[in-house]
$ cat entry_24.csv   # CSV, C-alpha atoms and all ligand atoms
chain,number,residue,atom,x,y,z
A,286,MET,CA,23.1,3.6,-13.3
A,287,ARG,CA,23.1,2.6,-9.6
A,288,GLY,CA,20.4,0.4,-8.3
A,289,VAL,CA,19.4,-2.3,-5.8
A,290,TYR,CA,19.0,-5.8,-7.3
A,291,TYR,CA,18.9,-9.5,-6.5
A,292,ASN,CA,19.8,-12.6,-8.5
A,293,GLU,CA,18.1,-15.2,-6.3
A,294,PHE,CA,15.1,-15.4,-4.0
A,295,GLY,CA,16.0,-15.3,-0.3
A,296,PRO,CA,16.4,-13.3,2.9
A,297,ALA,CA,17.0,-9.5,2.9
A,298,GLU,CA,20.8,-10.0,2.4
A,299,VAL,CA,20.3,-11.2,-1.2
A,300,LEU,CA,19.7,-7.4,-2.0
A,301,LYS,CA,22.9,-5.9,-3.5
A,302,LEU,CA,23.6,-2.3,-4.6
A,303,GLY,CA,25.6,-2.0,-7.9
A,304,ASP,CA,25.6,-0.9,-11.5
A,305,LEU,CA,22.6,-1.8,-13.6
A,306,THR,CA,21.9,-1.4,-17.3
A,307,MET,CA,20.1,1.9,-18.1
A,308,PRO,CA,16.5,1.1,-19.0
A,309,GLU,CA,14.7,2.3,-22.1
A,310,PRO,CA,11.0,3.2,-21.9
A,311,ALA,CA,8.6,1.0,-24.0
A,312,PRO,CA,6.2,2.9,-26.3
A,313,ASP,CA,3.6,3.2,-23.5
A,314,GLU,CA,6.1,4.1,-20.8
A,315,VAL,CA,7.9,7.1,-19.4
A,316,LEU,CA,11.5,6.9,-18.0
A,317,VAL,CA,11.6,8.4,-14.5
A,318,LYS,CA,14.6,9.7,-12.7
A,319,VAL,CA,13.9,8.5,-9.2
A,320,ALA,CA,13.9,10.8,-6.2
A,321,TYR,CA,12.4,8.4,-3.7
A,322,ALA,CA,11.2,4.8,-3.8
A,323,GLY,CA,8.4,3.7,-1.4
A,324,VAL,CA,8.9,0.4,0.5
A,325,ASN,CA,6.0,-2.0,0.8
A,326,PRO,CA,5.5,-5.5,2.2
A,327,ILE,CA,5.1,-6.8,-1.4
A,328,ASP,CA,8.7,-5.8,-2.2
A,329,ARG,CA,10.0,-8.2,0.4
A,330,ARG,CA,7.4,-10.9,-0.3
A,331,LEU,CA,8.5,-10.9,-4.0
A,332,ARG,CA,12.2,-11.0,-2.9
A,333,SER,CA,11.6,-14.0,-0.6
A,334,GLY,CA,10.1,-16.0,-3.4
A,335,GLU,CA,6.8,-16.4,-1.6
A,336,LEU,CA,4.9,-15.1,-4.6
A,337,GLN,CA,7.0,-16.5,-7.4
A,338,ASP,CA,4.2,-18.5,-9.0
A,339,PHE,CA,2.2,-15.3,-9.7
A,340,PHE,CA,4.8,-13.3,-11.6
A,341,THR,CA,7.2,-13.8,-14.4
A,342,ARG,CA,10.8,-12.4,-14.2
A,343,GLU,CA,14.0,-11.5,-15.9
A,344,TRP,CA,17.1,-11.6,-13.6
A,345,PRO,CA,18.4,-9.5,-12.0
A,346,LEU,CA,15.3,-8.1,-10.3
A,347,THR,CA,15.1,-4.6,-8.9
A,348,PRO,CA,12.5,-4.3,-6.1
A,349,GLY,CA,10.0,-1.4,-5.7
A,350,TRP,CA,6.8,-0.2,-7.2
A,351,ASP,CA,6.2,3.2,-5.5
A,352,VAL,CA,8.1,6.1,-7.0
A,353,SER,CA,8.4,9.9,-7.0
A,354,GLY,CA,10.6,11.6,-9.5
A,355,ARG,CA,11.0,13.5,-12.8
A,356,ILE,CA,10.3,12.3,-16.3
A,357,VAL,CA,13.5,12.2,-18.5
A,358,LYS,CA,12.1,10.4,-21.6
A,359,VAL,CA,8.7,9.5,-23.0
A,360,GLY,CA,7.8,6.4,-25.0
A,361,ARG,CA,6.7,7.1,-28.6
A,362,ASP,CA,3.0,6.4,-27.9
A,363,VAL,CA,2.8,8.5,-24.7
A,364,LYS,CA,0.5,11.6,-24.8
A,365,GLY,CA,0.2,14.3,-22.2
A,366,TRP,CA,3.6,13.9,-20.5
A,367,LYS,CA,7.0,15.4,-21.3
A,368,ALA,CA,10.6,15.4,-20.0
A,369,GLY,CA,10.8,17.6,-16.9
A,370,ASP,CA,7.4,16.7,-15.5
A,371,ASP,CA,7.4,15.8,-11.8
A,372,ILE,CA,5.4,12.7,-11.1
A,373,VAL,CA,4.3,10.1,-8.6
A,374,GLY,CA,3.5,6.6,-9.8
A,375,LEU,CA,3.3,2.9,-9.4
A,376,ALA,CA,5.8,0.9,-11.5
A,377,PHE,CA,3.7,-2.3,-11.2
A,378,THR,CA,4.1,-5.0,-13.8
A,379,TRP,CA,3.4,-8.8,-13.8
A,380,ASN,CA,6.9,-9.3,-15.3
A,381,LEU,CA,9.5,-8.4,-12.6
A,382,HIS,CA,12.7,-6.8,-13.7
A,383,HIS,CA,12.8,-3.0,-13.4
A,384,GLY,CA,11.9,-1.6,-10.0
A,385,THR,CA,12.0,1.8,-8.3
A,386,TYR,CA,15.0,1.1,-5.9
A,387,ALA,CA,17.2,2.5,-8.7
A,388,GLU,CA,18.2,5.8,-10.3
A,389,PHE,CA,15.9,5.3,-13.3
A,390,VAL,CA,12.8,3.3,-13.8
A,391,PRO,CA,10.4,2.8,-16.7
A,392,VAL,CA,6.8,3.2,-15.7
A,393,LYS,CA,3.5,2.9,-17.7
A,394,ALA,CA,2.2,6.4,-18.5
A,395,ALA,CA,-1.2,5.1,-17.4
A,396,SER,CA,0.1,4.5,-13.9
A,397,ILE,CA,1.5,7.9,-13.1
A,398,ALA,CA,0.0,11.2,-11.9
A,399,ALA,CA,1.4,14.8,-11.6
A,400,LYS,CA,3.1,15.4,-8.3
A,401,PRO,CA,1.7,18.6,-6.7
A,402,ALA,CA,4.4,21.1,-5.9
A,403,GLU,CA,3.1,21.3,-2.3
A,404,ILE,CA,3.8,17.6,-1.6
A,405,PRO,CA,7.5,16.9,-1.2
A,406,PHE,CA,9.1,14.1,-3.2
A,407,HIS,CA,9.7,11.9,0.0
A,408,GLN,CA,6.0,12.2,1.0
A,409,ALA,CA,4.8,11.5,-2.6
A,410,ALA,CA,6.7,8.2,-2.9
A,411,ALA,CA,4.9,6.9,0.2
A,412,LEU,CA,1.4,7.3,-1.4
A,413,PRO,CA,0.6,5.4,-4.5
A,414,LEU,CA,0.2,1.7,-3.6
A,415,VAL,CA,-1.5,2.1,-0.2
A,416,SER,CA,-3.7,5.0,-1.3
A,417,LEU,CA,-4.9,3.3,-4.5
A,418,THR,CA,-5.5,0.1,-2.6
A,419,ALA,CA,-7.4,1.8,0.2
A,420,TRP,CA,-9.5,3.9,-2.2
A,421,GLU,CA,-10.4,1.0,-4.5
A,422,SER,CA,-11.3,-1.1,-1.5
A,423,LEU,CA,-13.3,1.4,0.6
A,424,ALA,CA,-14.7,3.9,-1.8
A,425,GLU,CA,-15.1,1.9,-5.0
A,426,TYR,CA,-15.7,-1.7,-3.9
A,427,ALA,CA,-17.4,-1.3,-0.5
A,428,GLU,CA,-19.0,2.1,-1.4
A,429,LEU,CA,-18.4,3.1,2.2
A,430,LYS,CA,-21.0,5.8,3.2
A,431,PRO,CA,-21.2,8.4,6.0
A,432,GLY,CA,-22.2,6.9,9.3
A,433,GLN,CA,-21.3,3.3,8.3
A,434,THR,CA,-19.0,1.3,10.5
A,435,VAL,CA,-15.6,-0.1,9.2
A,436,LEU,CA,-12.9,-2.2,10.8
A,437,ILE,CA,-9.4,-1.4,9.4
A,438,GLN,CA,-6.9,-4.0,10.5
A,439,ALA,CA,-3.3,-2.9,11.3
A,440,GLY,CA,-4.3,0.8,11.4
A,441,ALA,CA,-0.7,2.1,12.1
A,442,GLY,CA,0.8,0.5,9.1
A,443,GLY,CA,1.2,1.9,5.6
A,444,LEU,CA,-2.1,0.6,4.2
A,445,GLY,CA,-4.0,1.1,7.5
A,446,SER,CA,-2.7,4.8,7.7
A,447,ALA,CA,-4.1,5.5,4.2
A,448,ALA,CA,-7.3,3.5,4.8
A,449,ILE,CA,-8.1,5.4,8.0
A,450,THR,CA,-7.8,8.9,6.5
A,451,ILE,CA,-9.8,7.7,3.4
A,452,ALA,CA,-12.5,6.2,5.6
A,453,LYS,CA,-12.6,9.4,7.7
A,454,HIS,CA,-13.0,11.4,4.5
A,455,LEU,CA,-15.9,9.2,3.5
A,456,GLY,CA,-17.6,9.9,6.9
A,457,ALA,CA,-17.4,6.4,8.4
A,458,LYS,CA,-17.1,5.3,12.1
A,459,ILE,CA,-13.7,3.6,12.3
A,460,TYR,CA,-12.5,0.7,14.4
A,461,THR,CA,-8.9,-0.2,14.0
A,462,THR,CA,-6.4,-2.7,15.6
A,463,THR,CA,-3.1,-1.5,16.8
A,464,ARG,CA,-0.9,-1.5,20.0
A,465,THR,CA,-1.7,1.1,22.6
A,466,GLU,CA,1.4,3.1,21.8
A,467,ASN,CA,-0.1,3.8,18.4
A,468,PHE,CA,-3.5,4.9,19.7
A,469,ASP,CA,-2.8,8.7,19.6
A,470,TYR,CA,-1.4,8.2,16.1
A,471,VAL,CA,-4.4,6.4,14.6
A,472,ARG,CA,-6.8,8.8,16.4
A,473,SER,CA,-4.9,11.7,14.9
A,474,ARG,CA,-5.7,10.3,11.4
A,475,GLY,CA,-9.4,9.8,12.3
A,476,ALA,CA,-9.9,6.4,14.0
A,477,ASP,CA,-12.7,6.4,16.5
A,478,HIS,CA,-12.1,3.2,18.3
A,479,PRO,CA,-8.6,1.8,18.4
A,480,ILE,CA,-8.3,-1.7,19.9
A,481,ASP,CA,-5.1,-3.1,21.3
A,482,TYR,CA,-5.1,-6.6,19.8
A,483,THR,CA,-2.3,-7.6,22.2
A,484,ARG,CA,-4.5,-6.9,25.3
A,485,GLU,CA,-8.1,-7.5,24.2
A,486,ASP,CA,-9.9,-9.9,21.9
A,487,TYR,CA,-10.8,-7.3,19.2
A,488,MET,CA,-13.6,-9.5,17.9
A,489,ALA,CA,-15.3,-9.6,21.3
A,490,VAL,CA,-14.9,-5.8,21.7
A,491,ILE,CA,-16.5,-5.2,18.3
A,492,LYS,CA,-19.3,-7.7,18.9
A,493,ALA,CA,-20.2,-6.0,22.2
A,494,ARG,CA,-20.2,-2.5,20.6
A,495,GLU,CA,-21.8,-3.4,17.3
A,496,PRO,CA,-24.1,-6.3,18.0
A,497,GLY,CA,-25.7,-6.0,14.6
A,498,GLY,CA,-22.3,-6.4,12.9
A,499,LEU,CA,-20.0,-4.0,10.9
A,500,ASP,CA,-20.8,-2.6,7.5
A,501,VAL,CA,-17.3,-3.1,6.1
A,502,ILE,CA,-14.0,-4.9,7.0
A,503,LEU,CA,-10.6,-4.1,5.4
A,504,GLU,CA,-8.7,-7.3,6.2
A,505,SER,CA,-5.2,-5.9,6.0
A,506,LEU,CA,-3.3,-7.9,8.5
A,507,LEU,CA,0.3,-8.9,7.6
A,508,VAL,CA,-0.1,-12.6,8.6
A,509,ASP,CA,-2.5,-15.1,10.2
A,510,VAL,CA,-5.5,-13.6,8.6
A,511,PRO,CA,-8.8,-14.6,10.4
A,512,VAL,CA,-10.6,-15.1,7.1
A,513,GLU,CA,-13.6,-16.9,8.7
A,514,ALA,CA,-13.9,-14.6,11.7
A,515,ASP,CA,-14.3,-11.6,9.4
A,516,ILE,CA,-17.4,-13.1,7.9
A,517,SER,CA,-19.0,-13.5,11.3
A,518,LEU,CA,-18.1,-9.8,12.3
A,519,VAL,CA,-19.9,-8.2,9.3
A,520,LYS,CA,-23.6,-7.6,9.2
A,521,PRO,CA,-25.9,-9.1,6.5
A,522,GLY,CA,-25.4,-7.2,3.3
A,523,GLY,CA,-22.0,-6.0,4.5
A,524,THR,CA,-18.6,-6.1,2.8
A,525,VAL,CA,-15.3,-7.9,3.6
A,526,ILE,CA,-12.2,-7.0,1.5
A,527,TYR,CA,-9.2,-9.3,1.8
A,528,MET,CA,-5.8,-7.9,1.0
A,529,ASN,CA,-3.8,-11.2,0.9
A,530,ASN,CA,-6.3,-14.1,0.7
A,531,GLU,CA,-9.3,-15.4,-1.3
A,532,PRO,CA,-12.5,-15.2,0.8
A,533,PRO,CA,-13.3,-18.4,2.7
A,534,ASP,CA,-15.8,-21.0,1.4
A,535,MET,CA,-18.6,-20.4,3.9
A,536,PRO,CA,-22.4,-20.8,3.3
A,537,GLU,CA,-23.0,-17.6,5.4
A,538,ILE,CA,-21.6,-15.5,2.6
A,539,ALA,CA,-24.4,-16.3,0.2
A,540,ARG,CA,-27.0,-16.7,3.0
A,541,ASN,CA,-26.2,-13.2,4.4
A,542,GLN,CA,-25.6,-11.6,1.0
A,543,ILE,CA,-22.1,-10.6,2.0
A,544,LYS,CA,-20.0,-8.9,-0.6
A,545,THR,CA,-16.4,-10.2,-0.5
A,546,LYS,CA,-13.3,-10.5,-2.6
A,547,PHE,CA,-9.5,-10.6,-2.6
A,548,LEU,CA,-8.8,-7.1,-4.0
A,549,HIS,CA,-5.6,-6.5,-5.8
A,550,HIS,CA,-4.8,-2.8,-6.4
A,551,ARG,CA,-5.3,-1.3,-9.8
A,552,PRO,CA,-2.3,0.9,-10.9
A,553,ASP,CA,-4.6,3.7,-12.2
A,554,GLY,CA,-2.9,7.0,-12.8
A,555,GLU,CA,-6.2,9.0,-13.1
A,556,SER,CA,-7.4,7.7,-9.8
A,557,LEU,CA,-4.0,8.4,-8.3
A,558,GLY,CA,-4.2,12.0,-9.6
A,559,ARG,CA,-7.6,12.5,-7.9
A,560,LEU,CA,-6.1,11.1,-4.6
A,561,MET,CA,-3.1,13.4,-4.9
A,562,LYS,CA,-5.5,16.4,-5.1
A,563,LEU,CA,-7.2,15.3,-1.9
A,564,TYR,CA,-3.8,15.1,-0.2
A,565,GLN,CA,-2.8,18.5,-1.6
A,566,GLN,CA,-6.0,20.0,-0.4
A,567,GLY,CA,-5.6,18.5,3.1
A,568,LYS,CA,-8.7,16.4,2.7
A,569,LEU,CA,-6.6,13.3,3.2
A,570,ALA,CA,-3.8,13.3,5.8
A,571,LEU,CA,-0.2,12.6,4.6
A,572,PRO,CA,1.4,9.7,6.5
A,573,PRO,CA,4.5,10.0,8.6
A,574,VAL,CA,7.5,9.0,6.5
A,575,GLU,CA,10.9,7.6,7.6
A,576,VAL,CA,13.6,8.1,5.0
A,577,LEU,CA,16.5,5.7,4.6
A,578,PRO,CA,19.3,5.9,2.0
A,579,LEU,CA,19.2,3.6,-1.0
A,580,ASP,CA,22.2,1.6,0.4
A,581,ALA,CA,20.0,0.7,3.4
A,582,ALA,CA,17.6,-1.4,1.4
A,583,VAL,CA,18.5,-4.5,3.4
A,584,GLU,CA,17.7,-2.7,6.6
A,585,ALA,CA,14.4,-1.4,5.1
A,586,HIS,CA,13.3,-4.9,4.2
A,587,LYS,CA,14.2,-6.2,7.7
A,588,ARG,CA,12.3,-3.4,9.3
A,589,SER,CA,9.3,-4.2,7.1
A,590,GLU,CA,9.6,-7.9,8.1
A,591,GLY,CA,9.6,-6.9,11.8
A,592,GLY,CA,6.0,-5.7,11.3
A,593,ARG,CA,6.3,-2.6,13.6
A,594,THR,CA,6.8,0.3,11.2
A,595,ARG,CA,4.4,3.2,11.7
A,596,GLY,CA,3.3,5.0,8.5
A,597,LYS,CA,5.8,4.5,5.6
A,598,LEU,CA,9.4,3.8,4.9
A,599,VAL,CA,10.9,5.3,1.8
A,600,LEU,CA,14.4,5.1,0.2
A,601,LYS,CA,16.2,8.2,-1.0
A,602,VAL,CA,17.6,7.7,-4.4
A,603,LEU,CA,18.7,10.9,-6.2
A,604,ASP,CA,18.6,14.7,-5.5
A,605,LEU,CA,16.5,16.2,-8.3
B,1,LIG,N1,-4.0,-6.5,-2.1
B,1,LIG,C1,-3.2,-5.4,-2.3
B,1,LIG,O1,-3.3,-4.8,-3.4
B,1,LIG,C2,-2.4,-4.9,-1.1
B,1,LIG,C3,-1.8,-3.6,-1.2
B,1,LIG,C4,-1.1,-3.1,-0.1
B,1,LIG,C5,-0.9,-3.9,1.0
B,1,LIG,N2,-1.4,-5.2,1.0
B,1,LIG,C6,-1.2,-6.1,2.2
B,1,LIG,O2,-1.7,-5.4,3.3
B,1,LIG,C7,-1.0,-5.8,4.5
B,1,LIG,C8,-0.6,-4.5,5.2
B,1,LIG,O3,0.3,-3.8,4.4
B,1,LIG,P1,1.1,-2.5,5.1
B,1,LIG,O4,1.7,-1.8,4.0
B,1,LIG,O5,0.1,-1.7,5.9
B,1,LIG,O6,2.1,-3.2,6.0
B,1,LIG,P2,3.1,-2.5,7.1
B,1,LIG,O7,3.1,-1.0,6.9
B,1,LIG,O8,4.3,-3.2,7.1
B,1,LIG,O9,2.3,-2.8,8.5
B,1,LIG,C9,3.0,-2.5,9.7
B,1,LIG,C10,1.9,-2.4,10.8
B,1,LIG,O10,1.3,-3.6,11.1
B,1,LIG,C11,0.8,-3.5,12.4
B,1,LIG,N3,0.6,-4.9,12.9
B,1,LIG,C12,1.5,-5.9,13.0
B,1,LIG,N4,0.8,-7.0,13.5
B,1,LIG,C13,-0.4,-6.6,13.7
B,1,LIG,C14,-1.6,-7.3,14.3
B,1,LIG,N5,-1.5,-8.6,14.6
B,1,LIG,N6,-2.7,-6.7,14.4
B,1,LIG,C15,-2.8,-5.3,14.0
B,1,LIG,N7,-1.8,-4.6,13.5
B,1,LIG,C16,-0.6,-5.3,13.4
B,1,LIG,C17,1.9,-2.8,13.2
B,1,LIG,O11,1.2,-2.0,14.1
B,1,LIG,P3,1.4,-2.3,15.7
B,1,LIG,O12,2.9,-2.0,15.9
B,1,LIG,O13,0.6,-1.3,16.4
B,1,LIG,O14,1.1,-3.7,15.9
B,1,LIG,C18,2.5,-1.9,12.1
B,1,LIG,O15,2.2,-0.5,12.2
B,1,LIG,C19,0.2,-6.6,4.0
B,1,LIG,O16,0.0,-8.0,4.2
B,1,LIG,C20,0.3,-6.3,2.5
B,1,LIG,O17,0.9,-7.3,1.7
B,1,LIG,C21,-2.1,-5.7,0.0

$ encode --input "entry_24.csv" --output "structure tokens" --more "lines below"
Ligand SMILES: NC(=O)c1ccc[n+]([C@@H]2O[C@H](COP(=O)([O-])OP(=O)(O)OC[C@H]3O[C@@H](n4cnc5c(N)ncnc54)[C@H](OP(=O)(O)O)[C@@H]3O)[C@@H](O)[C@H]2O)c1
Amino acid sequence: MRGVYYNEFGPAEVLKLGDLTMPEPAPDEVLVKVAYAGVNPIDRRLRSGELQDFFTREWPLTPGWDVSGRIVKVGRDVKGWKAGDDIVGLAFTWNLHHGTYAEFVPVKAASIAAKPAEIPFHQAAALPLVSLTAWESLAEYAELKPGQTVLIQAGAGGLGSAAITIAKHLGAKIYTTTRTENFDYVRSRGADHPIDYTREDYMAVIKAREPGGLDVILESLLVDVPVEADISLVKPGGTVIYMNNEPPDMPEIARNQIKTKFLHHRPDGESLGRLMKLYQQGKLALPPVEVLPLDAAVEAHKRSEGGRTRGKLVLKVLDL
């Protein structure tokens, strides 16, 4: 089968397109014929070697966790799925080898959900990682409630786009950081107060508007995360969820009973199924998706590294 792979950590150019061994599903997996693969910052951070201490691997590595496609084979212990089912899923594993930037990928049956017919394959591949992360952060961990205030960092990005529509669905008042040219975009998804971080000190703006502090912060910046600042922006009893860092060691956290953690997404197919229904019913807004061909994986990683993509990038793999 055709797929993208790399045999060493390094810049985007280590990605090659070529022939790979056809994978077989393990007993608890399904084998998926891939329609589209979603592109996420984690794909390039794994490729660069930045996170190599946290994962095991078998070379060559194929990048990609987000997938939409059709089941072609089921593992012997899999119940409830059959060849021909259209699915969306998250091919996450702690041992890197198979990924979704390839024509076929094995995925844990527990990490997939049915793809509603109304959601096209290219849209579906953009949803799993960011939607699960945003839901698990805002709805499950922070228990965000109607009328509460939330700051979503990098609101125009993949995770920010999912987090804004989810926070809106939960009834929150939403602050978000993004450049002015993305204000209409983040407002269209439900943001109440976009702040251009290149023109204003977003912390000063929020402190002036919310002197008592925010209820919840989703710290989803790509780099240079202001870990300590988040703790000072949240009200006593509030919640700060870090996407890339452990919380700082600060006495204010215990003193002000701040709930905080580094949250790593859970690849939960049942939860993904409930989220897909919310998208299908129009209760959550689908993100804008830019489609690139599979042979443009190098460009996709460079674009992701540039930090300016709005919504999601996906790679087209096969016509189904
Ligand atoms: N823990 C987890 O399970 C988990 C899951 C998913 C993602 N993440 C992490 O969450 C972060 C965001 O992921 P993503 O998928 O949203 O990335 P992304 O789609 O690549 O984000 C791109 C966006 O970042 C915005 N941006 C860049 N610099 C910014 C700044 N200084 N302030 C505000 N916005 C800025 C850009 O908007 P402008 O052009 O308007 O600046 C752009 O729209 C990444 O670090 C990723 O690794 C963690």

$ closest_residue --input "entry_24.csv" --among "A:Ile397, A:Leu429, A:Val599, A:Leu444" --to "Arg559 (chain A)" --atoms "all atoms listed in the file"
A:Ile397

$ closest_atom_pairs --input "entry_24.csv" --of "region 513-560 of chain A" --to "region 325-347 of chain A" --cutoff "12 Å" --atoms "only C-alpha atoms" --output "Markdown table"
| residue | atom | partner | partner_atom | distance |
| --- | --- | --- | --- | --- |
| A:Met528 | CA | A:Ile327 | CA | 11.2 |
| A:Asn529 | CA | A:Ile327 | CA | 10.2 |
| A:His549 | CA | A:Ile327 | CA | 11.6 |
| A:His550 | CA | A:Ile327 | CA | 11.8 |

$ residues_near_ligand --input "entry_24.csv" --ligand "ligand LIG 1 (chain B)" --cutoff "6 Å" --atoms "all atoms listed in the file" --output "VMD selection string"
chain A and resid 325 to 327 415 418 438 to 439 441 to 445 462 to 464 467 482 505 to 507 528 to 529 548 to 550 589 592 to 595

$ closest_residue --input "entry_24.csv" --among "A:His454, A:Gly440, A:Asp509, A:Asp553" --to "Asp469 (chain A)" --atoms "only C-alpha atoms"
A:Gly440

$ atom_distance --input "entry_24.csv" --atom1 "CA of Asp370 (chain A)" --atom2 "CA of Gly596 (chain A)"
27.0 Å

$ atom_distance --input "entry_24.csv" --atom1 "CA of Val289 (chain A)" --atom2 "CA of Val602 (chain A)"
10.3 Å

$ closest_residue --input "entry_24.csv" --among "A:Gly303, A:Ser416, A:Pro533, A:Ile491" --to "Pro511 (chain A)" --atoms "all atoms listed in the file"
A:Pro533

$ residues_around --input "entry_24.csv" --residues "Tyr321 (chain A)" --least-positions-apart "6" --cutoff "8 Å" --atoms "all atoms listed in the file" --output "list in words"
Val352, Ser353, Gly354, Phe406, His407, Ala410, Val599, Leu600, Lys601, Val602 and Leu603 of chain A

$ residues_near_point --input "entry_24.csv" --point "(13.3, 1.9, -10.5)" --cutoff "9 Å" --atoms "only C-alpha atoms" --output "list of chain:residue names"
A:Gly288, A:Val289, A:Val317, A:Lys318, A:Val319, A:Ala322, A:Thr347, A:Pro348, A:Gly349, A:Trp350, A:Asp351, A:Val352, A:Ala376, A:His383, A:Gly384, A:Thr385, A:Tyr386, A:Ala387, A:Glu388, A:Phe389, A:Val390, A:Pro391, A:Val392

$ residues_near_point --input "entry_24.csv" --point "(14.2, -1.6, 10.2)" --cutoff "12 Å" --atoms "only C-alpha atoms" --output "PyMOL selection string"
chain A and resi 297+324+575-577+581-595+597-599

$ closest_residue --input "entry_24.csv" --among "A:Asp362, A:Asp515, A:Glu298, A:Glu531" --to "Gly498 (chain A)" --atoms "only C-alpha atoms"
A:Asp515

$ residues_around --input "entry_24.csv" --residues "Val519 (chain A)" --least-positions-apart "4" --cutoff "10 Å" --atoms "all atoms listed in the file" --output "ChimeraX atom specification"
/A:434-436,492,495-502,514-515,523-525,541,543-544

$ closest_residue --input "entry_24.csv" --among "A:Leu417, A:Asn292, A:Ala398, A:Ala311" --to "Arg551 (chain A)" --atoms "all atoms listed in the file"
A:Leu417

$ atom_distance --input "entry_24.csv" --atom1 "CA of Ser422 (chain A)" --atom2 "CA of Tyr527 (chain A)"
9.1 Å

$ closest_residue --input "entry_24.csv" --among "A:Ile372, A:Leu557, A:Leu423, A:Val315" --to "Val357 (chain A)" --atoms "only C-alpha atoms"
A:Val315

$ decode --input "entry_24.csv" --residues "region 473-488 of chain A" --atoms "N, CA and C atoms" --output "short mmCIF file (atom, residue, chain, number, x, y, z; two decimals), in the first residue's frame"
data_model
loop_
_atom_site.label_atom_id
_atom_site.label_comp_id
_atom_site.auth_asym_id
_atom_site.auth_seq_id
_atom_site.Cartn_x
_atom_site.Cartn_y
_atom_site.Cartn_z
N SER A 473 -18.02 33.85 14.44
CA SER A 473 -19.01 33.01 13.75
C SER A 473 -19.16 31.66 14.44
N ARG A 474 -18.16 31.26 15.20
CA ARG A 474 -18.26 29.97 15.90
C ARG A 474 -18.78 30.14 17.33
N GLY A 475 -18.93 31.42 17.77
CA GLY A 475 -19.52 31.63 19.09
C GLY A 475 -18.67 32.41 20.08
N ALA A 476 -17.47 32.87 19.68
CA ALA A 476 -16.64 33.63 20.62
C ALA A 476 -17.30 34.99 20.88
N ASP A 477 -17.29 35.43 22.14
CA ASP A 477 -17.89 36.72 22.50
C ASP A 477 -16.86 37.83 22.48
N HIS A 478 -15.63 37.55 22.92
CA HIS A 478 -14.62 38.60 23.04
C HIS A 478 -13.28 38.14 22.46
N PRO A 479 -13.09 38.28 21.14
CA PRO A 479 -11.76 37.98 20.60
C PRO A 479 -10.78 39.09 21.00
N ILE A 480 -9.55 38.71 21.28
CA ILE A 480 -8.52 39.68 21.65
C ILE A 480 -7.32 39.43 20.74
N ASP A 481 -6.88 40.50 20.06
CA ASP A 481 -5.71 40.37 19.18
C ASP A 481 -4.45 40.45 20.03
N TYR A 482 -3.83 39.30 20.24
CA TYR A 482 -2.67 39.20 21.13
C TYR A 482 -1.46 39.91 20.56
N THR A 483 -1.49 40.27 19.25
CA THR A 483 -0.35 40.99 18.67
C THR A 483 -0.49 42.50 18.90
N ARG A 484 -1.67 42.95 19.30
CA ARG A 484 -1.90 44.39 19.49
C ARG A 484 -2.17 44.78 20.93
N GLU A 485 -2.70 43.84 21.71
CA GLU A 485 -3.07 44.16 23.08
C GLU A 485 -2.51 43.10 24.01
N ASP A 486 -2.33 43.51 25.27
CA ASP A 486 -1.94 42.56 26.31
C ASP A 486 -3.23 41.85 26.74
N TYR A 487 -3.39 40.60 26.27
CA TYR A 487 -4.69 39.94 26.51
C TYR A 487 -4.97 39.76 27.99
N MET A 488 -3.91 39.62 28.79
CA MET A 488 -4.15 39.44 30.22
C MET A 488 -4.70 40.72 30.84
#
